[in-house]
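Colleague: Pasting data.tsv below, which is TSV, C-alpha atoms and all ligand atoms.
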```tsv
chain	number	residue	atom	x	y	z
A	23	MET	CA	-25.92	12.30	-1.23
A	24	SER	CA	-22.44	10.85	-1.52
A	25	VAL	CA	-19.30	10.42	0.60
A	26	THR	CA	-15.70	10.78	-0.60
A	27	VAL	CA	-12.71	9.31	1.24
A	28	ARG	CA	-9.04	9.96	0.43
A	29	VAL	CA	-6.59	7.11	1.12
A	30	PRO	CA	-2.78	7.09	0.87
A	31	ALA	CA	-0.34	4.66	-0.74
A	32	LYS	CA	2.40	3.02	1.35
A	33	VAL	CA	6.01	2.04	1.13
A	34	ASN	CA	7.54	-0.65	3.32
A	35	VAL	CA	10.72	0.77	4.82
A	36	GLN	CA	11.41	-2.67	6.27
A	37	LEU	CA	9.79	-5.85	5.02
A	38	ALA	CA	11.22	-8.83	6.90
A	39	VAL	CA	9.62	-12.06	5.66
A	40	GLY	CA	9.64	-15.36	7.56
A	41	ALA	CA	9.04	-18.87	6.27
A	42	ALA	CA	5.73	-19.82	4.65
A	43	ARG	CA	3.07	-20.74	7.23
A	44	PRO	CA	0.67	-23.68	6.95
A	45	ASP	CA	-2.08	-21.24	5.81
A	46	GLY	CA	0.11	-20.08	2.89
A	47	PHE	CA	0.82	-16.64	4.37
A	48	HIS	CA	4.22	-15.54	5.69
A	49	ASP	CA	4.90	-14.07	9.10
A	50	LEU	CA	6.19	-10.54	8.67
A	51	ALA	CA	7.88	-7.69	10.45
A	52	ASN	CA	6.48	-5.05	8.14
A	53	VAL	CA	7.29	-1.39	8.79
A	54	PHE	CA	4.70	0.58	6.84
A	55	LEU	CA	5.01	4.26	5.99
A	56	ALA	CA	2.08	6.03	4.33
A	57	VAL	CA	3.11	8.32	1.47
A	58	GLY	CA	1.34	11.23	-0.19
A	59	LEU	CA	-0.06	9.55	-3.31
A	60	TYR	CA	-3.80	9.08	-2.94
A	61	ASP	CA	-6.83	7.32	-4.35
A	62	GLU	CA	-10.23	8.94	-3.77
A	63	ILE	CA	-13.23	6.70	-3.24
A	64	THR	CA	-16.73	8.15	-3.71
A	65	VAL	CA	-19.81	6.15	-2.76
A	66	THR	CA	-23.34	7.09	-3.86
A	67	PRO	CA	-26.64	5.24	-3.31
A	68	ALA	CA	-27.56	3.16	-6.40
A	69	ASP	CA	-29.89	0.36	-7.55
A	70	GLU	CA	-27.16	-2.24	-7.31
A	71	LEU	CA	-23.47	-2.60	-6.38
A	72	ARG	CA	-21.40	-1.05	-9.14
A	73	VAL	CA	-17.72	-0.04	-9.38
A	74	THR	CA	-16.23	2.49	-11.79
A	75	CYS	CA	-12.67	3.80	-11.97
A	76	SER	CA	-11.00	6.84	-13.52
A	77	GLY	CA	-7.34	7.82	-13.96
A	78	PRO	CA	-4.56	6.97	-16.42
A	79	ASP	CA	-4.32	3.31	-15.30
A	80	ALA	CA	-8.07	2.79	-14.78
A	81	HIS	CA	-8.21	0.09	-17.48
A	82	GLN	CA	-6.00	-2.16	-15.30
A	83	VAL	CA	-8.44	-2.10	-12.37
A	84	PRO	CA	-10.99	-4.96	-12.13
A	85	LEU	CA	-14.55	-3.65	-11.74
A	86	ASP	CA	-16.13	-6.92	-10.62
A	87	GLU	CA	-16.47	-8.35	-7.12
A	88	THR	CA	-12.75	-9.15	-6.95
A	89	ASN	CA	-12.17	-5.41	-6.48
A	90	LEU	CA	-11.31	-4.83	-2.82
A	91	ALA	CA	-13.62	-1.79	-2.69
A	92	ALA	CA	-16.57	-3.95	-3.79
A	93	ARG	CA	-15.58	-6.65	-1.33
A	94	ALA	CA	-15.40	-4.05	1.45
A	95	ALA	CA	-18.92	-2.78	0.71
A	96	LEU	CA	-20.26	-6.36	0.55
A	97	ALA	CA	-18.58	-7.34	3.84
A	98	LEU	CA	-19.88	-4.27	5.68
A	99	ALA	CA	-23.42	-4.66	4.30
A	100	ARG	CA	-23.47	-8.37	5.19
A	101	ARG	CA	-22.27	-7.60	8.73
A	102	HIS	CA	-25.20	-5.21	9.20
A	103	GLY	CA	-27.82	-7.17	7.23
A	104	ILE	CA	-28.37	-4.42	4.66
A	105	ASP	CA	-28.27	-4.28	0.86
A	106	PRO	CA	-24.88	-3.33	-0.62
A	107	HIS	CA	-26.57	-1.13	-3.22
A	108	VAL	CA	-23.97	1.52	-3.84
A	109	HIS	CA	-22.03	3.01	-6.71
A	110	ILE	CA	-18.32	3.06	-5.81
A	111	HIS	CA	-16.15	5.34	-7.90
A	112	ILE	CA	-12.38	5.09	-7.58
A	113	ALA	CA	-10.33	8.09	-8.75
A	114	LYS	CA	-7.05	6.20	-9.06
A	115	ASP	CA	-3.69	7.87	-8.62
A	116	ILE	CA	-1.81	5.03	-6.85
A	117	PRO	CA	0.09	2.73	-9.26
A	118	VAL	CA	-1.97	-0.42	-9.99
A	119	ALA	CA	-0.47	-3.77	-8.84
A	120	GLY	CA	2.64	-1.76	-7.98
A	121	GLY	CA	3.51	-2.83	-4.44
A	122	MET	CA	2.09	0.40	-2.99
A	123	ALA	CA	-1.14	-1.05	-1.54
A	124	GLY	CA	-3.40	0.68	-4.08
A	125	GLY	CA	-6.01	-2.10	-3.91
A	126	SER	CA	-5.83	-2.13	-0.12
A	127	ALA	CA	-6.30	1.65	-0.09
A	128	ASP	CA	-9.50	1.26	-2.12
A	129	GLY	CA	-10.76	-1.42	0.29
A	130	ALA	CA	-10.14	0.73	3.36
A	131	GLY	CA	-11.58	3.81	1.62
A	132	ALA	CA	-14.77	2.06	0.52
A	133	LEU	CA	-15.26	0.66	4.01
A	134	LEU	CA	-14.98	4.06	5.68
A	135	ALA	CA	-17.10	5.74	2.99
A	136	CYS	CA	-19.91	3.15	3.13
A	137	ASP	CA	-19.88	3.23	6.93
A	138	ALA	CA	-20.56	6.97	6.76
A	139	LEU	CA	-23.06	6.75	3.86
A	140	TRP	CA	-25.08	4.08	5.68
A	141	SER	CA	-24.73	5.88	9.08
A	142	LEU	CA	-23.42	2.70	10.73
A	143	ASN	CA	-21.02	4.48	13.12
A	144	SER	CA	-18.72	1.44	13.34
A	145	SER	CA	-15.93	1.78	15.89
A	146	ARG	CA	-12.31	2.01	14.73
A	147	ASP	CA	-11.74	-1.54	16.03
A	148	GLU	CA	-14.73	-2.92	14.09
A	149	LEU	CA	-13.45	-1.29	10.90
A	150	LEU	CA	-9.91	-2.58	11.53
A	151	ALA	CA	-11.23	-6.14	12.01
A	152	LEU	CA	-13.12	-5.96	8.70
A	153	CYS	CA	-10.02	-4.50	7.02
A	154	ALA	CA	-7.94	-7.46	8.25
A	155	GLU	CA	-10.47	-9.88	6.68
A	156	LEU	CA	-10.11	-8.07	3.35
A	157	GLY	CA	-6.29	-8.27	3.15
A	158	SER	CA	-3.05	-8.08	5.08
A	159	ASP	CA	-2.28	-4.44	4.14
A	160	VAL	CA	-5.82	-3.03	4.40
A	161	PRO	CA	-5.74	-2.15	8.15
A	162	PHE	CA	-2.67	0.02	7.58
A	163	SER	CA	-4.39	1.89	4.72
A	164	LEU	CA	-7.08	2.86	7.23
A	165	ILE	CA	-4.70	4.21	9.89
A	166	GLY	CA	-1.85	5.66	7.76
A	167	GLY	CA	1.13	7.39	9.35
A	168	ALA	CA	3.71	4.77	10.25
A	169	ALA	CA	3.18	1.37	11.86
A	170	LEU	CA	4.80	-1.99	12.47
A	171	GLY	CA	2.70	-4.84	11.09
A	172	THR	CA	3.24	-8.31	12.53
A	173	GLY	CA	1.43	-11.60	11.95
A	174	ARG	CA	0.70	-11.50	8.22
A	175	GLY	CA	1.08	-7.72	8.46
A	176	GLU	CA	-2.39	-6.97	9.80
A	177	GLN	CA	-1.55	-6.64	13.53
A	178	LEU	CA	-0.49	-3.03	13.83
A	179	THR	CA	1.54	-1.08	16.35
A	180	VAL	CA	1.55	2.64	15.62
A	181	LEU	CA	5.06	4.12	15.26
A	182	GLU	CA	6.18	7.65	15.98
A	183	THR	CA	7.89	9.61	13.20
A	184	GLY	CA	10.12	12.59	13.91
A	185	GLY	CA	9.74	14.48	10.65
A	186	ALA	CA	9.05	14.33	6.93
A	187	PHE	CA	10.80	11.92	4.55
A	188	HIS	CA	10.90	12.77	0.85
A	189	TRP	CA	10.40	9.95	-1.65
A	190	VAL	CA	10.44	9.35	-5.36
A	191	PHE	CA	8.55	6.40	-6.84
A	192	ALA	CA	9.47	5.02	-10.24
A	193	VAL	CA	6.40	3.47	-11.83
A	194	ALA	CA	7.10	0.41	-13.98
A	195	ASP	CA	5.17	-0.79	-17.01
A	196	GLY	CA	2.76	-3.52	-15.91
A	197	GLY	CA	2.24	-4.89	-12.41
A	198	LEU	CA	3.59	-7.84	-10.42
A	199	SER	CA	1.32	-10.34	-8.69
A	200	THR	CA	1.94	-10.33	-4.92
A	201	PRO	CA	1.32	-14.11	-4.57
A	202	ALA	CA	3.77	-14.74	-7.44
A	203	VAL	CA	6.45	-12.67	-5.69
A	204	TYR	CA	5.95	-14.57	-2.41
A	205	ARG	CA	6.14	-17.86	-4.36
A	206	GLU	CA	9.44	-16.70	-5.89
A	207	PHE	CA	10.66	-15.75	-2.37
A	208	ASP	CA	9.88	-19.33	-1.27
A	209	ARG	CA	11.60	-20.80	-4.35
A	210	LEU	CA	14.76	-18.70	-3.86
A	211	GLY	CA	14.91	-19.63	-0.16
A	212	ALA	CA	14.10	-23.32	-0.59
A	213	GLY	CA	16.34	-25.49	1.57
A	214	THR	CA	17.66	-22.55	3.62
A	215	ASP	CA	16.74	-21.66	7.18
A	216	VAL	CA	14.57	-18.52	6.99
A	217	PRO	CA	15.01	-16.57	10.26
A	218	ALA	CA	11.98	-15.31	12.21
A	219	PRO	CA	11.21	-11.75	11.04
A	220	ALA	CA	12.03	-8.92	13.46
A	221	ALA	CA	11.88	-5.13	13.24
A	222	ASP	CA	15.30	-3.44	13.10
A	223	PRO	CA	15.72	-1.16	16.18
A	224	ALA	CA	18.06	1.17	14.24
A	225	LEU	CA	15.38	1.66	11.56
A	226	LEU	CA	12.68	2.40	14.15
A	227	ASP	CA	15.07	4.90	15.74
A	228	ALA	CA	15.70	6.62	12.39
A	229	LEU	CA	11.93	6.93	11.84
A	230	ARG	CA	11.41	8.30	15.36
A	231	THR	CA	14.15	10.93	15.00
A	232	GLY	CA	13.26	11.85	11.41
A	233	ASP	CA	16.84	11.10	10.28
A	234	ALA	CA	16.69	10.40	6.51
A	235	VAL	CA	20.37	9.44	6.23
A	236	ALA	CA	20.04	6.91	9.05
A	237	LEU	CA	16.79	5.59	7.58
A	238	ALA	CA	18.50	5.21	4.18
A	239	GLY	CA	21.15	3.02	5.80
A	240	THR	CA	18.56	0.66	7.26
A	241	LEU	CA	15.95	0.26	4.46
A	242	ALA	CA	15.44	-3.44	3.78
A	243	ASN	CA	13.00	-5.48	1.72
A	244	ASP	CA	13.27	-9.29	1.83
A	245	LEU	CA	10.98	-9.51	-1.22
A	246	GLN	CA	13.42	-7.48	-3.34
A	247	PRO	CA	15.48	-10.46	-4.66
A	248	ALA	CA	12.24	-12.20	-5.66
A	249	ALA	CA	10.88	-9.09	-7.40
A	250	LEU	CA	14.20	-8.58	-9.23
A	251	SER	CA	14.26	-12.24	-10.23
A	252	LEU	CA	10.80	-11.86	-11.83
A	253	ARG	CA	11.58	-8.39	-13.26
A	254	PRO	CA	15.39	-8.09	-13.81
A	255	SER	CA	14.98	-4.69	-15.53
A	256	LEU	CA	14.28	-3.11	-12.11
A	257	THR	CA	18.02	-3.33	-11.33
A	258	ALA	CA	18.62	-0.58	-13.91
A	259	THR	CA	15.85	1.58	-12.39
A	260	LEU	CA	17.37	1.25	-8.91
A	261	ALA	CA	20.81	2.18	-10.31
A	262	ALA	CA	19.45	5.19	-12.21
A	263	GLY	CA	17.87	6.67	-9.06
A	264	THR	CA	20.98	6.05	-6.99
A	265	ALA	CA	23.19	7.66	-9.67
A	266	ALA	CA	20.87	10.71	-9.61
A	267	GLY	CA	21.60	11.27	-5.91
A	268	ALA	CA	19.01	9.26	-3.97
A	269	LEU	CA	20.16	8.36	-0.44
A	270	ALA	CA	18.91	4.81	-0.98
A	271	ALA	CA	16.77	2.78	-3.36
A	272	LEU	CA	14.59	-0.29	-2.88
A	273	VAL	CA	11.70	-2.17	-4.40
A	274	SER	CA	8.39	-1.04	-2.86
A	275	GLY	CA	6.71	-4.05	-1.23
A	276	SER	CA	6.27	-6.79	-3.84
A	277	GLY	CA	7.07	-4.31	-6.63
A	278	PRO	CA	7.48	-3.46	-9.41
A	279	THR	CA	7.36	0.17	-8.21
A	280	THR	CA	10.79	1.22	-6.94
A	281	ALA	CA	11.23	3.71	-4.09
A	282	PHE	CA	14.01	6.28	-3.63
A	283	LEU	CA	14.61	8.11	-0.36
A	284	THR	CA	16.05	11.61	-0.78
A	285	LYS	CA	17.27	14.29	1.61
A	286	SER	CA	14.92	17.15	0.60
A	287	PRO	CA	11.97	18.05	-1.66
A	288	GLU	CA	14.49	19.63	-4.08
A	289	ALA	CA	16.58	16.45	-4.22
A	290	ALA	CA	13.39	14.44	-4.78
A	291	ALA	CA	12.44	16.66	-7.76
A	292	GLU	CA	15.92	16.15	-9.27
A	293	VAL	CA	15.88	12.37	-8.81
A	294	ALA	CA	12.37	12.18	-10.30
A	295	GLU	CA	13.43	14.19	-13.35
A	296	ALA	CA	16.52	12.01	-13.85
A	297	LEU	CA	14.39	8.86	-13.61
A	298	ARG	CA	11.85	10.20	-16.12
A	299	THR	CA	14.61	10.72	-18.69
A	300	SER	CA	16.46	7.48	-17.83
A	301	ALA	CA	14.25	5.22	-19.97
A	302	THR	CA	14.25	2.72	-17.06
A	303	CYS	CA	10.65	3.38	-15.93
A	304	ARG	CA	7.32	4.62	-17.26
A	305	THR	CA	7.20	7.69	-15.03
A	306	ALA	CA	8.39	8.95	-11.66
A	307	ARG	CA	6.37	10.61	-8.89
A	308	VAL	CA	7.48	12.54	-5.82
A	309	ALA	CA	5.65	12.03	-2.52
A	310	PRO	CA	6.26	13.15	1.07
A	311	SER	CA	5.68	10.98	4.12
A	312	PRO	CA	4.18	10.27	6.56
A	313	ALA	CA	0.66	10.76	5.14
A	314	PRO	CA	-2.62	10.53	7.08
A	315	GLY	CA	-4.77	7.39	6.78
A	316	ALA	CA	-8.21	7.12	5.18
A	317	THR	CA	-10.00	10.46	5.65
A	318	ILE	CA	-13.50	11.62	4.74
A	319	VAL	CA	-13.02	14.67	2.50
A	320	ALA	CA	-16.65	15.23	1.37
A	321	GLY	CA	-20.05	14.18	2.68
A	322	PRO	CA	-21.12	13.29	6.22
A	323	ALA	CA	-18.15	13.09	8.64
B	1	LIG	O1	-3.47	-10.50	2.36
B	1	LIG	P1	-3.43	-10.26	0.90
B	1	LIG	O2	-4.70	-10.73	0.20
B	1	LIG	O3	-3.05	-8.89	0.49
B	1	LIG	O4	-2.28	-11.21	0.36
B	1	LIG	C1	-2.13	-11.47	-1.02
B	1	LIG	C2	-1.20	-12.66	-1.17
B	1	LIG	O5	0.14	-12.31	-0.77
B	1	LIG	C3	-1.55	-13.86	-0.30
B	1	LIG	O6	-2.48	-14.68	-0.92
B	1	LIG	C4	-0.20	-14.54	-0.15
B	1	LIG	O7	0.12	-15.26	-1.32
B	1	LIG	C5	0.75	-13.37	-0.09
B	1	LIG	N1	1.07	-12.96	1.30
B	1	LIG	C6	1.85	-13.78	2.08
B	1	LIG	N2	2.15	-13.40	3.37
B	1	LIG	C7	1.68	-12.24	3.87
B	1	LIG	C8	0.88	-11.38	3.09
B	1	LIG	C9	0.58	-11.78	1.80
B	1	LIG	O8	2.31	-14.84	1.64
B	1	LIG	N3	1.99	-11.91	5.11
```
I need this file expressed as structure tokens, please.
Modeller:
Amino acid sequence: MSVTVRVPAKVNVQLAVGAARPDGFHDLANVFLAVGLYDEITVTPADELRVTCSGPDAHQVPLDETNLAARAALALARRHGIDPHVHIHIAKDIPVAGGMAGGSADGAGALLACDALWSLNSSRDELLALCAELGSDVPFSLIGGAALGTGRGEQLTVLETGGAFHWVFAVADGGLSTPAVYREFDRLGAGTDVPAPAADPALLDALRTGDAVALAGTLANDLQPAALSLRPSLTATLAAGTAAGALAALVSGSGPTTAFLTKSPEAAAEVAEALRTSATCRTARVAPSPAPGATIVAGPA
């Protein structure tokens, strides 16, 4: 018997970052939007905890207990006093270390899958609390759709969306370390007064009405200067997508994936093709949004 869960990637349509807190994290106003690129997590009973991964970038994924999927299984098993003996297989389609919450998706997926495999029937709130212990973005991977994350990003308020938004994601060669990007944010802002992060009402309105042009005008990522400072070549990627007709371009989360909002599926296909031939990225993917959160697609529901 096994259970398979499908989990989406995310883009941050607004990522407002405050000053570093005493615990090293940053207070955020983080507007998450789940997008239709998915990892699939399959869990099967085994003699010991084991993680495997398939997909073009599988070699970049750690298979030890630093993997968020393994940590999720361990945390859930410990909570219930049971053995974490499970084989977790990750079919990876979300860019690795790309700023699209691929690791968080695997954590949320493994949690939901193990909960079903072990018939634990945890409530949504119990799962969300465990997700928040695993990482700031993991609760959102569980719920999907669109949400405002405050605190370090883990306190979620579900947001309404009024329609589909069509995205292109340019995948860069190699990842960026999220802590390194936050450190660069701190370095660039040293000595300045960093304002308290707040969600932009115009952006929330654009999401609610499904207005892509209005959303394009309000996209904002405070980590973008830090990501560009660490990876200056992303400036050319952003320019290539904009020149190809994207409504707006920004770095996705801590990068180095770049995100392009377009006005239609056709425009997205054109921008993706232009990016693929631009020699400014490894590949480009189209994805609609919003996408549903972690969902059991095979095995006990
Ligand atoms: O919560 P998560 O493990 O995903 O965070 C990874 C790293 O990103 C943290 O160790 C921290 O350096 C940085 N971070 C932060 N403020 C946040 C979220 C993450 O500084 N709100």
Colleague: Every residue with an atom at most 9 Å from (13.1, 4.7, -16.5) (file coordinates; all atoms listed in the file) is what I'm after, so could you write them as a ChimeraX atom specification?
Modeller: /A:192-194,258-259,262,296-306
Colleague: One number please: CA of Gly167 (chain A) to atom N1 of ligand LIG 1 (chain B), in Å, one decimal.
Modeller: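 Computing the Euclidean distance for CA of Gly167 (chain A) and atom N1 of ligand LIG 1 (chain B) yields 21.9 Å.
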Colleague: For CA of Val25 (chain A) and CA of Ser311 (chain A), quote the distance in Å rounded to one decimal.
Modeller: 25.2 Å
Colleague: Please indicate the distance in Å from CA of Arg174 (chain A) to CA of Gly157 (chain A), rounded to one decimal place.
Modeller: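 These two atoms are separated by 9.2 Å.
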Colleague: Using all atoms listed in the file, find each residue with an atom at most 6 Å away from ligand LIG 1 (chain B) and format the answer as a list in words.
Modeller: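 Result of the 6 Å neighbour search around ligand LIG 1 (chain B): Gly46, Phe47, His48, Asp49, Leu50, Gly157, Ser158, Asp159, Arg174, Gly175, Thr200, Pro201 and Tyr204 of chain A.
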Colleague: Write out as a Markdown table the residues of region 89-190 of chain A that have any atom within 12 Å of an atom of region 224-246 of chain A, one row each with the nearest atom pair and its distance in Å to one decimal, counting only C-alpha atoms, sorted by chain and then rising number.
Modeller:
```
| residue | atom | partner | partner_atom | distance |
| --- | --- | --- | --- | --- |
| A:Gly121 | CA | A:Leu245 | CA | 10.5 |
| A:Gly167 | CA | A:Leu229 | CA | 11.1 |
| A:Ala168 | CA | A:Leu229 | CA | 8.6 |
| A:Ala169 | CA | A:Leu226 | CA | 9.8 |
| A:Leu170 | CA | A:Leu226 | CA | 9.2 |
| A:Thr179 | CA | A:Leu226 | CA | 11.9 |
| A:Val180 | CA | A:Leu226 | CA | 11.2 |
| A:Leu181 | CA | A:Arg230 | CA | 7.6 |
| A:Glu182 | CA | A:Arg230 | CA | 5.3 |
| A:Thr183 | CA | A:Arg230 | CA | 4.3 |
| A:Gly184 | CA | A:Gly232 | CA | 4.1 |
| A:Gly185 | CA | A:Gly232 | CA | 4.5 |
| A:Ala186 | CA | A:Gly232 | CA | 6.6 |
| A:Phe187 | CA | A:Ala234 | CA | 6.4 |
| A:His188 | CA | A:Ala234 | CA | 8.4 |
| A:Trp189 | CA | A:Ala234 | CA | 10.3 |
```
